[in-house]
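Everything below belongs to final26.csv, which stores CSV, C-alpha atoms.
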```csv
chain,number,residue,atom,x,y,z
A,29,MET,CA,27.0,6.8,22.1
A,30,SER,CA,24.6,4.3,20.7
A,31,LYS,CA,25.8,2.6,17.5
A,32,PHE,CA,22.5,3.8,15.8
A,33,ASP,CA,23.0,7.5,16.6
A,34,LYS,CA,24.0,8.3,13.0
A,35,ILE,CA,20.7,7.1,11.6
A,36,ARG,CA,18.0,7.0,14.4
A,37,PRO,CA,15.2,9.5,15.0
A,38,PHE,CA,15.1,11.5,18.2
A,39,TYR,CA,14.5,9.9,21.5
A,40,ASP,CA,11.6,11.5,23.4
A,41,VAL,CA,14.0,13.3,25.8
A,42,GLU,CA,15.5,15.1,22.8
A,43,VAL,CA,12.2,16.2,21.2
A,44,ASN,CA,11.5,19.4,23.2
A,45,GLU,CA,15.0,20.9,22.6
A,46,ALA,CA,14.7,20.1,18.9
A,47,LEU,CA,11.3,21.8,18.7
A,48,HIS,CA,12.6,24.9,20.4
A,49,LYS,CA,15.3,25.1,17.7
A,50,VAL,CA,12.8,25.0,14.8
A,51,ALA,CA,9.7,26.6,16.2
A,52,ASP,CA,10.5,30.0,14.7
A,53,HIS,CA,11.9,28.6,11.4
A,54,PRO,CA,10.2,30.0,8.3
A,55,MET,CA,9.4,26.5,7.0
A,56,MET,CA,7.8,25.5,10.3
A,57,LYS,CA,5.8,28.7,10.2
A,58,ALA,CA,4.7,28.0,6.7
A,59,MET,CA,3.7,24.5,7.6
A,60,MET,CA,1.8,25.4,10.7
A,61,SER,CA,0.1,28.4,9.0
A,62,PHE,CA,-1.1,26.0,6.3
A,63,THR,CA,-2.2,23.4,8.9
A,64,PHE,CA,-3.9,25.8,11.3
A,65,PRO,CA,-4.9,28.8,9.3
A,66,GLU,CA,-7.4,30.0,11.9
A,67,VAL,CA,-5.0,29.7,14.9
A,68,ASP,CA,-2.8,32.6,16.1
A,69,GLU,CA,0.9,31.9,15.5
A,70,LYS,CA,1.7,32.4,19.2
A,71,VAL,CA,-0.7,29.6,20.2
A,72,TRP,CA,0.8,26.8,18.1
A,73,ILE,CA,4.4,28.0,18.9
A,74,GLU,CA,3.6,27.7,22.6
A,75,GLN,CA,2.0,24.3,22.1
A,76,LEU,CA,5.1,23.1,20.1
A,77,LYS,CA,7.3,24.3,22.9
A,78,ARG,CA,5.3,22.2,25.4
A,79,THR,CA,5.6,19.0,23.3
A,80,HIS,CA,7.9,16.4,24.8
A,81,SER,CA,7.4,13.2,22.7
A,82,ILE,CA,7.4,12.1,19.0
A,83,ARG,CA,3.9,10.7,19.4
A,84,ASP,CA,2.5,14.0,20.7
A,85,PHE,CA,4.2,15.8,17.8
A,86,GLN,CA,2.9,13.4,15.3
A,87,CYS,CA,-0.7,13.3,16.6
A,88,ASN,CA,-1.1,17.0,17.3
A,89,PHE,CA,0.8,18.5,14.4
A,90,ILE,CA,1.8,16.0,11.6
A,91,TYR,CA,-1.5,14.2,11.6
A,92,GLN,CA,-3.4,17.5,11.3
A,93,ALA,CA,-1.0,18.6,8.5
A,94,VAL,CA,-1.7,15.4,6.5
A,95,LEU,CA,-5.4,15.9,6.9
A,96,LYS,CA,-5.1,19.4,5.6
A,97,VAL,CA,-3.0,18.2,2.6
A,98,LEU,CA,-5.7,15.6,1.8
A,99,GLU,CA,-8.4,18.3,2.0
A,100,LYS,CA,-6.5,20.7,-0.2
A,101,SER,CA,-4.9,18.4,-2.8
A,102,SER,CA,-7.1,15.3,-3.1
A,103,ASP,CA,-10.6,14.0,-3.4
A,104,GLY,CA,-10.2,11.8,-0.4
A,105,LEU,CA,-8.4,8.7,0.9
A,106,THR,CA,-9.9,5.3,1.0
A,107,THR,CA,-8.5,2.2,2.6
A,108,SER,CA,-8.8,-1.6,2.8
A,109,GLY,CA,-7.3,-4.4,4.9
A,110,PHE,CA,-6.5,-2.5,8.1
A,111,GLU,CA,-9.2,-4.4,10.0
A,112,LYS,CA,-7.1,-7.6,9.7
A,113,LEU,CA,-4.1,-6.2,11.7
A,114,ASP,CA,-3.7,-6.5,15.5
A,115,LYS,CA,-3.6,-3.3,17.5
A,116,HIS,CA,-0.6,-4.3,19.6
A,117,THR,CA,1.6,-6.0,17.0
A,118,PRO,CA,4.5,-4.4,15.2
A,119,TYR,CA,4.7,-5.1,11.5
A,120,LEU,CA,7.2,-4.5,8.7
A,121,TYR,CA,5.3,-2.6,6.0
A,122,ILE,CA,6.9,-3.0,2.6
A,123,SER,CA,5.2,-0.8,0.1
A,124,ASN,CA,5.3,0.4,-3.5
A,125,HIS,CA,6.8,3.9,-3.6
A,126,ARG,CA,5.2,6.7,-5.5
A,127,ASP,CA,5.7,9.8,-3.4
A,128,ILE,CA,8.7,10.8,-1.2
A,129,ILE,CA,6.8,11.9,1.9
A,130,LEU,CA,3.2,11.1,1.4
A,131,ASP,CA,3.5,7.3,1.0
A,132,THR,CA,4.6,6.8,4.6
A,133,SER,CA,2.7,9.8,6.0
A,134,LEU,CA,-0.6,8.6,4.6
A,135,LEU,CA,0.0,5.0,5.9
A,136,ASN,CA,0.7,6.4,9.4
A,137,THR,CA,-2.5,8.5,9.2
A,138,CYS,CA,-4.4,5.3,8.5
A,139,LEU,CA,-2.6,3.4,11.3
A,140,PHE,CA,-3.4,6.1,13.8
A,141,ASP,CA,-7.1,6.2,12.7
A,142,ASN,CA,-7.2,2.4,13.2
A,143,GLY,CA,-5.5,2.4,16.6
A,144,LEU,CA,-2.5,0.5,15.2
A,145,VAL,CA,1.2,0.9,16.0
A,146,MET,CA,2.6,3.7,13.9
A,147,THR,CA,5.9,3.2,12.0
A,148,ALA,CA,9.5,4.3,12.1
A,149,SER,CA,10.1,5.0,8.4
A,150,ALA,CA,13.2,4.8,6.2
A,151,ILE,CA,14.2,8.0,4.4
A,152,GLY,CA,17.2,8.7,2.1
A,153,ASP,CA,19.7,11.1,3.7
A,154,ASN,CA,19.8,12.9,0.3
A,155,LEU,CA,16.3,14.1,1.0
A,156,VAL,CA,17.1,15.8,4.3
A,157,LYS,CA,20.3,17.8,3.5
A,158,LYS,CA,18.6,21.0,4.7
A,159,THR,CA,19.1,21.2,8.5
A,160,PHE,CA,15.4,22.0,9.1
A,161,LEU,CA,14.3,18.9,7.0
A,162,HIS,CA,16.8,16.7,8.9
A,163,ILE,CA,15.4,17.8,12.3
A,164,LEU,CA,11.8,17.5,11.1
A,165,SER,CA,12.4,14.0,9.8
A,166,LYS,CA,13.9,12.9,13.2
A,167,LEU,CA,10.9,14.4,14.9
A,168,ASN,CA,8.6,12.4,12.7
A,169,ARG,CA,10.3,9.1,13.5
A,170,ASN,CA,12.3,8.7,10.3
A,171,PHE,CA,15.6,6.9,10.3
A,172,LEU,CA,18.2,7.6,7.6
A,173,VAL,CA,19.2,5.4,4.7
A,174,GLN,CA,22.8,6.5,3.8
A,175,ARG,CA,23.1,7.0,0.0
A,176,GLY,CA,26.1,7.3,-2.3
A,177,LEU,CA,28.6,5.2,-0.3
A,178,ALA,CA,31.6,3.3,-1.5
A,179,PRO,CA,31.0,-0.5,-1.6
A,180,ARG,CA,32.7,-1.3,1.8
A,181,GLU,CA,30.9,1.6,3.6
A,182,LEU,CA,27.6,0.5,1.9
A,183,LEU,CA,27.9,-2.9,3.4
A,184,GLN,CA,28.5,-1.6,6.9
A,185,SER,CA,25.6,0.9,6.5
A,186,SER,CA,23.3,-1.8,5.3
A,187,LYS,CA,24.2,-4.1,8.2
A,188,LEU,CA,23.6,-1.2,10.7
A,189,MET,CA,20.2,-0.4,9.2
A,190,SER,CA,19.3,-4.1,9.2
A,191,GLU,CA,20.2,-4.4,12.9
A,192,TYR,CA,18.2,-1.2,13.7
A,193,ILE,CA,15.1,-2.4,11.9
A,194,SER,CA,15.4,-5.7,13.8
A,195,GLN,CA,15.7,-3.9,17.1
A,196,LEU,CA,12.7,-1.7,16.4
A,197,ILE,CA,10.4,-4.5,15.5
A,198,LEU,CA,11.6,-7.4,17.8
A,199,ARG,CA,12.7,-5.4,20.9
A,200,GLU,CA,10.9,-2.0,20.9
A,201,ASN,CA,7.5,-3.2,19.5
A,202,ARG,CA,7.7,-0.5,16.8
A,203,SER,CA,6.4,-1.0,13.3
A,204,VAL,CA,8.7,-0.1,10.4
A,205,TRP,CA,7.9,1.2,6.9
A,206,ILE,CA,10.3,0.7,4.0
A,207,ALA,CA,9.9,1.1,0.3
A,208,GLN,CA,10.2,-2.0,-1.9
A,209,ARG,CA,13.1,-0.3,-3.8
A,210,GLU,CA,15.4,2.7,-3.6
A,211,GLY,CA,13.8,5.7,-5.2
A,212,ARG,CA,10.2,6.1,-6.4
A,213,THR,CA,8.7,4.1,-9.2
A,214,LYS,CA,9.1,6.3,-12.3
A,215,ASP,CA,7.4,4.1,-14.9
A,216,GLY,CA,4.4,2.6,-13.0
A,217,ASN,CA,6.1,-0.8,-12.7
A,218,ASP,CA,6.1,-1.6,-9.0
A,219,ALA,CA,8.8,-4.3,-8.3
A,220,THR,CA,10.5,-5.2,-5.0
A,221,HIS,CA,14.3,-5.0,-5.3
A,222,PRO,CA,16.0,-8.1,-3.9
A,223,GLY,CA,18.7,-5.8,-2.5
A,224,VAL,CA,16.2,-4.4,0.0
A,225,LEU,CA,15.4,-7.9,1.3
A,226,LYS,CA,19.1,-8.8,1.4
A,227,MET,CA,19.7,-5.8,3.6
A,228,LEU,CA,16.8,-6.8,5.9
A,229,SER,CA,18.2,-10.3,6.2
A,230,MET,CA,21.7,-9.2,7.4
A,231,ALA,CA,20.5,-9.1,11.1
A,232,SER,CA,19.3,-12.7,11.0
A,233,ASP,CA,21.1,-15.2,13.0
A,234,GLU,CA,18.6,-17.9,12.0
A,235,SER,CA,19.7,-21.0,10.1
A,236,ASN,CA,16.4,-20.7,8.3
A,237,LEU,CA,16.1,-17.2,6.7
A,238,MET,CA,12.4,-17.4,6.1
A,239,GLU,CA,11.9,-18.0,9.9
A,240,TYR,CA,13.5,-14.6,10.5
A,241,PHE,CA,11.3,-12.9,8.0
A,242,LYS,CA,8.3,-14.5,9.7
A,243,LYS,CA,9.3,-12.9,12.9
A,244,LEU,CA,9.4,-9.5,11.2
A,245,LYS,CA,5.7,-10.0,10.1
A,246,ILE,CA,5.9,-8.5,6.6
A,247,VAL,CA,2.8,-6.7,5.4
A,248,PRO,CA,2.9,-5.7,1.7
A,249,VAL,CA,1.2,-2.3,1.1
A,250,SER,CA,-0.3,-1.0,-2.1
A,251,ILE,CA,-0.6,2.8,-2.5
A,252,SER,CA,-2.4,4.1,-5.5
A,253,TYR,CA,-2.9,7.8,-6.6
A,254,GLU,CA,-5.5,8.6,-9.3
A,255,TYR,CA,-3.2,11.4,-10.5
A,256,ASP,CA,0.6,11.3,-9.7
A,257,PRO,CA,1.3,14.9,-8.7
A,258,THR,CA,5.0,14.5,-9.8
A,259,ASP,CA,4.2,12.7,-13.1
A,260,ALA,CA,5.7,15.4,-15.3
A,261,LEU,CA,8.7,15.8,-13.0
A,262,LYS,CA,9.6,12.1,-13.6
A,263,MET,CA,9.9,12.7,-17.4
A,264,PRO,CA,13.5,14.0,-17.7
A,265,GLN,CA,14.9,10.9,-16.0
A,266,LEU,CA,12.8,8.6,-18.1
A,267,MET,CA,13.9,10.5,-21.2
A,268,ALA,CA,17.6,10.2,-20.2
A,269,GLU,CA,17.2,6.4,-19.7
A,270,ALA,CA,15.4,6.1,-23.1
A,271,ASN,CA,18.4,7.8,-24.7
A,272,ASP,CA,21.0,5.7,-22.8
A,273,GLU,CA,22.2,8.9,-21.0
A,274,VAL,CA,23.3,9.2,-17.4
A,275,TYR,CA,20.7,11.3,-15.5
A,276,ILE,CA,22.1,13.9,-13.2
A,277,LYS,CA,19.7,15.6,-10.7
A,278,ASP,CA,19.5,19.4,-10.4
A,279,LYS,CA,20.7,20.7,-7.0
A,280,ASN,CA,17.2,21.3,-5.5
A,281,GLU,CA,15.3,18.6,-7.6
A,282,ASP,CA,14.5,16.3,-4.6
A,283,PHE,CA,13.2,19.3,-2.6
A,284,MET,CA,11.0,20.5,-5.4
A,285,THR,CA,9.7,17.0,-6.0
A,286,LEU,CA,9.0,16.7,-2.3
A,287,LEU,CA,6.9,19.9,-2.3
A,288,SER,CA,5.1,19.0,-5.5
A,289,GLY,CA,4.2,15.6,-4.2
A,290,ILE,CA,2.7,17.1,-1.1
A,291,MET,CA,0.7,20.0,-2.7
A,292,GLY,CA,0.1,18.7,-6.2
A,293,GLN,CA,-3.4,17.4,-7.1
A,294,LYS,CA,-3.9,13.7,-6.6
A,295,LYS,CA,-7.6,13.3,-6.9
A,296,ARG,CA,-8.5,10.0,-5.2
A,297,ILE,CA,-6.0,7.9,-3.2
A,298,HIS,CA,-6.3,4.3,-2.0
A,299,ILE,CA,-4.2,2.3,0.4
A,300,HIS,CA,-4.5,-1.4,0.8
A,301,VAL,CA,-2.6,-3.5,3.4
A,302,GLY,CA,-2.2,-7.1,2.4
A,303,ASP,CA,-2.1,-10.2,4.6
A,304,VAL,CA,0.9,-10.8,6.8
A,305,LEU,CA,3.2,-13.1,4.7
A,306,ASP,CA,3.3,-16.4,6.6
A,307,THR,CA,2.5,-19.7,4.8
A,308,GLU,CA,4.1,-18.1,1.7
A,309,LEU,CA,7.4,-18.1,3.7
A,310,ASP,CA,7.0,-21.7,4.7
A,311,ASN,CA,6.4,-22.6,1.1
A,312,ILE,CA,9.5,-20.7,0.0
A,313,ALA,CA,11.7,-22.4,2.7
A,314,SER,CA,10.5,-25.8,1.6
A,315,GLU,CA,10.9,-25.2,-2.1
A,316,PHE,CA,14.3,-23.4,-2.2
A,317,ASP,CA,17.4,-24.2,-0.1
A,318,ASN,CA,19.5,-21.4,-1.7
A,319,SER,CA,19.2,-18.1,0.1
A,320,ASN,CA,19.4,-16.0,-3.1
A,321,LYS,CA,16.5,-18.0,-4.6
A,322,GLN,CA,14.6,-17.6,-1.4
A,323,ILE,CA,15.1,-13.8,-1.5
A,324,GLN,CA,13.9,-13.7,-5.1
A,325,ALA,CA,10.8,-15.8,-4.3
A,326,LEU,CA,10.0,-13.5,-1.3
A,327,ALA,CA,10.3,-10.4,-3.6
A,328,GLN,CA,7.9,-12.1,-6.0
A,329,ALA,CA,5.4,-12.9,-3.1
A,330,ILE,CA,5.5,-9.2,-2.1
A,331,ASP,CA,5.0,-8.1,-5.7
A,332,ASP,CA,2.1,-10.5,-6.1
A,333,SER,CA,0.3,-9.0,-3.1
A,334,ILE,CA,1.0,-5.3,-4.1
A,335,LEU,CA,0.1,-5.7,-7.7
A,336,ASN,CA,-3.0,-7.9,-7.1
A,337,SER,CA,-4.5,-5.4,-4.7
A,338,TYR,CA,-3.5,-2.2,-6.5
A,339,LYS,CA,-6.5,0.1,-7.0
A,340,LEU,CA,-6.8,1.0,-10.6
A,341,TRP,CA,-8.4,4.4,-11.5
A,342,PRO,CA,-10.0,5.7,-14.6
A,343,THR,CA,-6.7,7.5,-15.4
A,344,ASN,CA,-5.0,4.1,-15.6
A,345,TYR,CA,-7.5,2.7,-18.1
A,346,ILE,CA,-7.6,5.9,-20.2
A,347,ALA,CA,-3.8,5.9,-20.4
A,348,TYR,CA,-3.8,2.2,-21.5
A,349,ASP,CA,-6.4,2.9,-24.2
A,350,LEU,CA,-4.5,6.0,-25.5
A,351,LEU,CA,-1.2,4.2,-25.5
A,352,ASN,CA,-2.5,1.1,-27.3
A,353,ASN,CA,-5.0,3.0,-29.5
A,354,THR,CA,-7.9,0.9,-28.3
A,355,ASN,CA,-11.2,1.3,-26.6
A,356,LYS,CA,-10.7,-1.9,-24.5
A,357,PHE,CA,-11.5,-0.3,-21.2
A,358,SER,CA,-13.8,2.6,-22.3
A,359,HIS,CA,-16.6,1.2,-20.2
A,360,LEU,CA,-14.5,1.9,-17.1
A,361,TYR,CA,-14.3,5.7,-17.6
A,362,THR,CA,-16.4,8.6,-18.8
A,363,GLU,CA,-15.8,11.0,-21.7
A,364,LYS,CA,-15.3,13.8,-19.1
A,365,GLU,CA,-12.6,11.8,-17.3
A,366,LYS,CA,-10.9,11.1,-20.6
A,367,SER,CA,-10.9,14.8,-21.7
A,368,LEU,CA,-9.6,15.9,-18.3
A,369,PHE,CA,-6.7,13.4,-18.6
A,370,GLU,CA,-6.0,14.5,-22.2
A,371,ARG,CA,-6.0,18.1,-21.0
A,372,ARG,CA,-3.4,17.2,-18.3
A,373,LEU,CA,-1.3,15.6,-21.1
A,374,GLU,CA,-1.5,18.8,-23.1
A,375,ILE,CA,-0.4,21.0,-20.2
A,376,ARG,CA,2.4,18.8,-18.9
A,377,ILE,CA,3.9,17.0,-21.9
A,378,ASP,CA,5.4,17.9,-25.2
A,379,GLU,CA,3.0,16.0,-27.4
A,380,ASN,CA,5.4,16.3,-30.4
A,381,ASN,CA,7.9,14.2,-28.5
A,382,PRO,CA,6.9,10.6,-28.9
A,383,ILE,CA,9.3,9.2,-26.3
A,384,GLU,CA,8.0,11.6,-23.7
A,385,MET,CA,4.4,11.0,-24.6
A,386,GLN,CA,4.9,7.2,-24.4
A,387,GLY,CA,6.7,7.5,-21.1
A,388,PHE,CA,3.9,9.6,-19.5
A,389,LEU,CA,1.2,7.3,-20.7
A,390,ALA,CA,3.1,4.1,-19.7
A,391,MET,CA,3.5,5.5,-16.2
A,392,TYR,CA,-0.3,5.3,-15.8
A,393,ALA,CA,-0.9,2.3,-18.1
A,394,ASN,CA,1.6,-0.1,-16.7
A,395,PRO,CA,-0.4,-0.9,-13.5
A,396,VAL,CA,-3.2,-2.1,-15.7
A,397,VAL,CA,-0.8,-4.4,-17.6
A,398,ASN,CA,0.7,-5.7,-14.3
A,399,LYS,CA,-2.6,-6.3,-12.6
A,400,SER,CA,-4.0,-8.1,-15.7
A,401,LYS,CA,-1.5,-10.9,-15.1
A,402,TYR,CA,-3.6,-12.0,-12.1
A,403,GLU,CA,-6.7,-14.0,-12.7
A,404,ASN,CA,-9.9,-12.0,-12.3
A,405,ALA,CA,-7.9,-8.9,-11.4
A,406,ILE,CA,-9.6,-6.7,-14.1
```
What would you get if you wrote out this structure as structure tokens?
Amino acid sequence: MSKFDKIRPFYDVEVNEALHKVADHPMMKAMMSFTFPEVDEKVWIEQLKRTHSIRDFQCNFIYQAVLKVLEKSSDGLTTSGFEKLDKHTPYLYISNHRDIILDTSLLNTCLFDNGLVMTASAIGDNLVKKTFLHILSKLNRNFLVQRGLAPRELLQSSKLMSEYISQLILRENRSVWIAQREGRTKDGNDATHPGVLKMLSMASDESNLMEYFKKLKIVPVSISYEYDPTDALKMPQLMAEANDEVYIKDKNEDFMTLLSGIMGQKKRIHIHVGDVLDTELDNIASEFDNSNKQIQALAQAIDDSILNSYKLWPTNYIAYDLLNNTNKFSHLYTEKEKSLFERRLEIRIDENNPIEMQGFLAMYANPVVNKSKYENAI
């Protein structure tokens, strides 16, 4: 047994057997019927059963499914920055996190379109408790982040994941995607959690920590949705936090959020990949000799890249103006766009609940506030 067996995706030799297990599953049938509405069921089942590698599964099935999701639930995906990346180099993509599945699926679609190395992607084991979803995640080159562990087990799990990520990038020439924090951003404030970087550093045997991060080739990624399809679903947790209450998820909440994120209306989407962090790491190493301070400075460097290159939409400016009772950004949206956004508010939010109203608007407005901190950003 490999020490990574608990968390790793399938090896290619395991793919065909796994596909035979799930080819007739109702969720696979629903996914394939959605992806290939004109194709007879027998045809795609036969093709699935002839598939023997993760890459073939991703290119022939998952890639097509993502294109169909974009067609049905968005006004299109635009990108920037991919031309700077080398086609044969593996990178560590650290991105802001808005949607459970789509953030990484859309990034991989862009990587495939640009002929770049696709990622192995971190996913919380709480999201794949259903057997079918667990198998599907392993077929899609996801590796598991173990959640809800006791402190000692958490330390061992973090070390294992750090070693696995290191092996993928430095030995297997495989890019990796990881979110900048555990869980999706609920309030629109994208910030890198130092704990994620501490986990990544555990596999380093370098005396200079920043030299190790240079080897990993960190690329900050900024993902921006004009409409967050799960915006209203994030409200109960924000409400609980506002009232100093402990938030407890419903049994199927993650699964419902996952489906809403995929199929909910997003309007326009933009993904920007930043420059590989390099000279920034040299500067951090020369400025700080304490590893904790270095980690904090690295988190800030990632945030600077993500926030500075975040694509702001009319919805962000509208929310800012509504929240602050101003017309400061009215030249950046139309009356039609404003009325559409207000209609969304009416449908999704209890307008008589000021905390809920403020939370919803802040979710869209905070990216404007964050980006305004950077010179010439707005």
Each range 291-313 of chain A residue no farther than 7 Å from range 329-344 of chain A, nearest pair in Å, only C-alpha atoms, as JSON lines:
```
{"residue": "A:His298", "atom": "CA", "partner": "A:Lys339", "partner_atom": "CA", "distance": 6.5}
{"residue": "A:His300", "atom": "CA", "partner": "A:Ser337", "partner_atom": "CA", "distance": 6.8}
{"residue": "A:Gly302", "atom": "CA", "partner": "A:Ser333", "partner_atom": "CA", "distance": 6.3}
```
**Study point:** Residue nearest Arg209 in chain A - candidates A:His48, A:Lys187, A:Lys57, A:His125, atoms counted: only C-alpha atoms
**Key:** A:His125
Per residue of range 115-234 of chain A within 8 Å of range 379-400 of chain A, record the nearest atom pair and its distance in Å to one decimal, counting only C-alpha atoms, with rows in chain order and ascending residue number, as JSON lines.
```
{"residue": "A:Lys214", "atom": "CA", "partner": "A:Met391", "partner_atom": "CA", "distance": 6.9}
{"residue": "A:Asp215", "atom": "CA", "partner": "A:Met391", "partner_atom": "CA", "distance": 4.3}
{"residue": "A:Gly216", "atom": "CA", "partner": "A:Met391", "partner_atom": "CA", "distance": 4.4}
{"residue": "A:Asn217", "atom": "CA", "partner": "A:Asn394", "partner_atom": "CA", "distance": 6.1}
{"residue": "A:Asp218", "atom": "CA", "partner": "A:Pro395", "partner_atom": "CA", "distance": 7.9}
```
Review point. In Å to one decimal, how far is CA of Lys294 in chain A from CA of Leu134 in chain A?
Key: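 Computed distance, CA of Leu134 in chain A to CA of Lys294 in chain A, equals 12.7 Å.
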**Study point:** Pick from A:Lys34, A:Arg78, A:Leu368, A:Ala327, whichever lies nearest to His162 in chain A using only C-alpha atoms
**Key:**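 Closest to His162 in chain A, using only C-alpha atoms: A:Lys34.
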Residue contacts of range 112-119 of chain A (12 Å, all atoms listed in the file) excluding same-chain residues fewer than 6 positions away, as a PDB file with C-alpha atoms, in the frame of the given file:
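Wrote it out as part.pdb, contents follow:
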```pdb
ATOM      1  CA  CYS A 138      -4.400   5.300   8.500  1.00  0.00           C
ATOM      2  CA  LEU A 139      -2.600   3.400  11.300  1.00  0.00           C
ATOM      3  CA  PHE A 140      -3.400   6.100  13.800  1.00  0.00           C
ATOM      4  CA  ASP A 141      -7.100   6.200  12.700  1.00  0.00           C
ATOM      5  CA  ASN A 142      -7.200   2.400  13.200  1.00  0.00           C
ATOM      6  CA  GLY A 143      -5.500   2.400  16.600  1.00  0.00           C
ATOM      7  CA  LEU A 144      -2.500   0.500  15.200  1.00  0.00           C
ATOM      8  CA  VAL A 145       1.200   0.900  16.000  1.00  0.00           C
ATOM      9  CA  MET A 146       2.600   3.700  13.900  1.00  0.00           C
ATOM     10  CA  THR A 147       5.900   3.200  12.000  1.00  0.00           C
ATOM     11  CA  ALA A 148       9.500   4.300  12.100  1.00  0.00           C
ATOM     12  CA  SER A 149      10.100   5.000   8.400  1.00  0.00           C
ATOM     13  CA  ILE A 193      15.100  -2.400  11.900  1.00  0.00           C
ATOM     14  CA  SER A 194      15.400  -5.700  13.800  1.00  0.00           C
ATOM     15  CA  GLN A 195      15.700  -3.900  17.100  1.00  0.00           C
ATOM     16  CA  LEU A 196      12.700  -1.700  16.400  1.00  0.00           C
ATOM     17  CA  ILE A 197      10.400  -4.500  15.500  1.00  0.00           C
ATOM     18  CA  LEU A 198      11.600  -7.400  17.800  1.00  0.00           C
ATOM     19  CA  ARG A 199      12.700  -5.400  20.900  1.00  0.00           C
ATOM     20  CA  GLU A 200      10.900  -2.000  20.900  1.00  0.00           C
ATOM     21  CA  ASN A 201       7.500  -3.200  19.500  1.00  0.00           C
ATOM     22  CA  ARG A 202       7.700  -0.500  16.800  1.00  0.00           C
ATOM     23  CA  SER A 203       6.400  -1.000  13.300  1.00  0.00           C
ATOM     24  CA  VAL A 204       8.700  -0.100  10.400  1.00  0.00           C
ATOM     25  CA  TRP A 205       7.900   1.200   6.900  1.00  0.00           C
ATOM     26  CA  ILE A 206      10.300   0.700   4.000  1.00  0.00           C
ATOM     27  CA  PHE A 241      11.300 -12.900   8.000  1.00  0.00           C
ATOM     28  CA  LYS A 242       8.300 -14.500   9.700  1.00  0.00           C
ATOM     29  CA  LYS A 243       9.300 -12.900  12.900  1.00  0.00           C
ATOM     30  CA  LEU A 244       9.400  -9.500  11.200  1.00  0.00           C
ATOM     31  CA  LYS A 245       5.700 -10.000  10.100  1.00  0.00           C
ATOM     32  CA  ILE A 246       5.900  -8.500   6.600  1.00  0.00           C
ATOM     33  CA  VAL A 247       2.800  -6.700   5.400  1.00  0.00           C
ATOM     34  CA  PRO A 248       2.900  -5.700   1.700  1.00  0.00           C
ATOM     35  CA  VAL A 249       1.200  -2.300   1.100  1.00  0.00           C
ATOM     36  CA  HIS A 300      -4.500  -1.400   0.800  1.00  0.00           C
ATOM     37  CA  VAL A 301      -2.600  -3.500   3.400  1.00  0.00           C
ATOM     38  CA  GLY A 302      -2.200  -7.100   2.400  1.00  0.00           C
ATOM     39  CA  ASP A 303      -2.100 -10.200   4.600  1.00  0.00           C
ATOM     40  CA  VAL A 304       0.900 -10.800   6.800  1.00  0.00           C
ATOM     41  CA  LEU A 305       3.200 -13.100   4.700  1.00  0.00           C
TER      42      LEU A 305
END
```
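Minimum distance to Cys87 in chain A across A:Leu167, A:Asn352, A:Thr258, A:Asp317 (counting only C-alpha atoms) occurs at A:Leu167.
Proximity of A:Phe110, A:Tyr192, A:Tyr91, A:Phe85 to Leu164 in chain A, computed with only C-alpha atoms, is greatest for A:Phe85.
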Review point. Which polymer residues have any atom within 12 Å of an atom of Ser319 in chain A, counting all atoms listed in the file, with same-chain residues fewer than 5 positions away left out, as a ChimeraX atom specification?
Key: /A:222,225-226,229-230,234-238,312-314,324-326
Exercise for review: Just give me the gap between CA of Met55 in chain A and CA of Leu161 in chain A in Å, one decimal is fine.
Suggested key: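 Here the two named atoms are 9.0 Å from each other.
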**Study point:** Exercise: residues within 12 Å of coordinate (21.5, 8.2, 20.6), counting only C-alpha atoms, as a list in words
**Key:** Met29, Ser30, Lys31, Phe32, Asp33, Lys34, Ile35, Arg36, Pro37, Phe38, Tyr39, Asp40, Val41, Glu42, Lys166 and Phe171 of chain A
Could you save the residues just selected, with C-alpha atoms, as a compact mmCIF listing (two decimals), in the frame of the given file?
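File result_23.txt, as written:
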```
# COMPACT_ATOMS: atom_id res chain seq x y z
CA MET A 29 27.00 6.80 22.10
CA SER A 30 24.60 4.30 20.70
CA LYS A 31 25.80 2.60 17.50
CA PHE A 32 22.50 3.80 15.80
CA ASP A 33 23.00 7.50 16.60
CA LYS A 34 24.00 8.30 13.00
CA ILE A 35 20.70 7.10 11.60
CA ARG A 36 18.00 7.00 14.40
CA PRO A 37 15.20 9.50 15.00
CA PHE A 38 15.10 11.50 18.20
CA TYR A 39 14.50 9.90 21.50
CA ASP A 40 11.60 11.50 23.40
CA VAL A 41 14.00 13.30 25.80
CA GLU A 42 15.50 15.10 22.80
CA LYS A 166 13.90 12.90 13.20
CA PHE A 171 15.60 6.90 10.30
```
Point to revise | Distance in Å - CA of Ala150 in chain A versus CA of Leu47 in chain A | key: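 Taking CA of Ala150 in chain A and CA of Leu47 in chain A, their separation equals 21.2 Å.
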Taking all atoms of range 156-163 of chain A that the file lists and extending 4 Å past them on each side, where is the centre of the axis-aligned box and how long are its edges? Answer in Å to one decimal, as JSON.
```
{"center_x": 17.3, "center_y": 18.9, "center_z": 7.9, "size_x": 14.0, "size_y": 14.2, "size_z": 16.8}
```
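Distance check against Ile128 in chain A using all atoms listed in the file: of A:Thr307, A:Asn318, A:Ser81, A:Asn154, the minimum falls on A:Asn154.
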Exercise for review: Would you mind telling me which residue in A:Ser185, A:Asn136, A:Phe160, A:Tyr240 lies nearest to Asp52 in chain A when using all atoms listed in the file?
Suggested key: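 Smallest distance to Asp52 in chain A is found for A:Phe160.
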Only C-alpha atoms, please: range 333-339 of chain A from the block, as a CSV table (one decimal), in the first residue's frame.
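The result, stored in part.csv:
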```csv
chain,number,residue,atom,x,y,z
A,333,SER,CA,-2.2,39.3,-6.8
A,334,ILE,CA,-5.7,37.8,-6.5
A,335,LEU,CA,-7.4,41.1,-5.4
A,336,ASN,CA,-5.5,43.3,-7.8
A,337,SER,CA,-6.5,41.2,-10.8
A,338,TYR,CA,-10.1,40.4,-9.6
A,339,LYS,CA,-12.6,41.2,-12.4
```
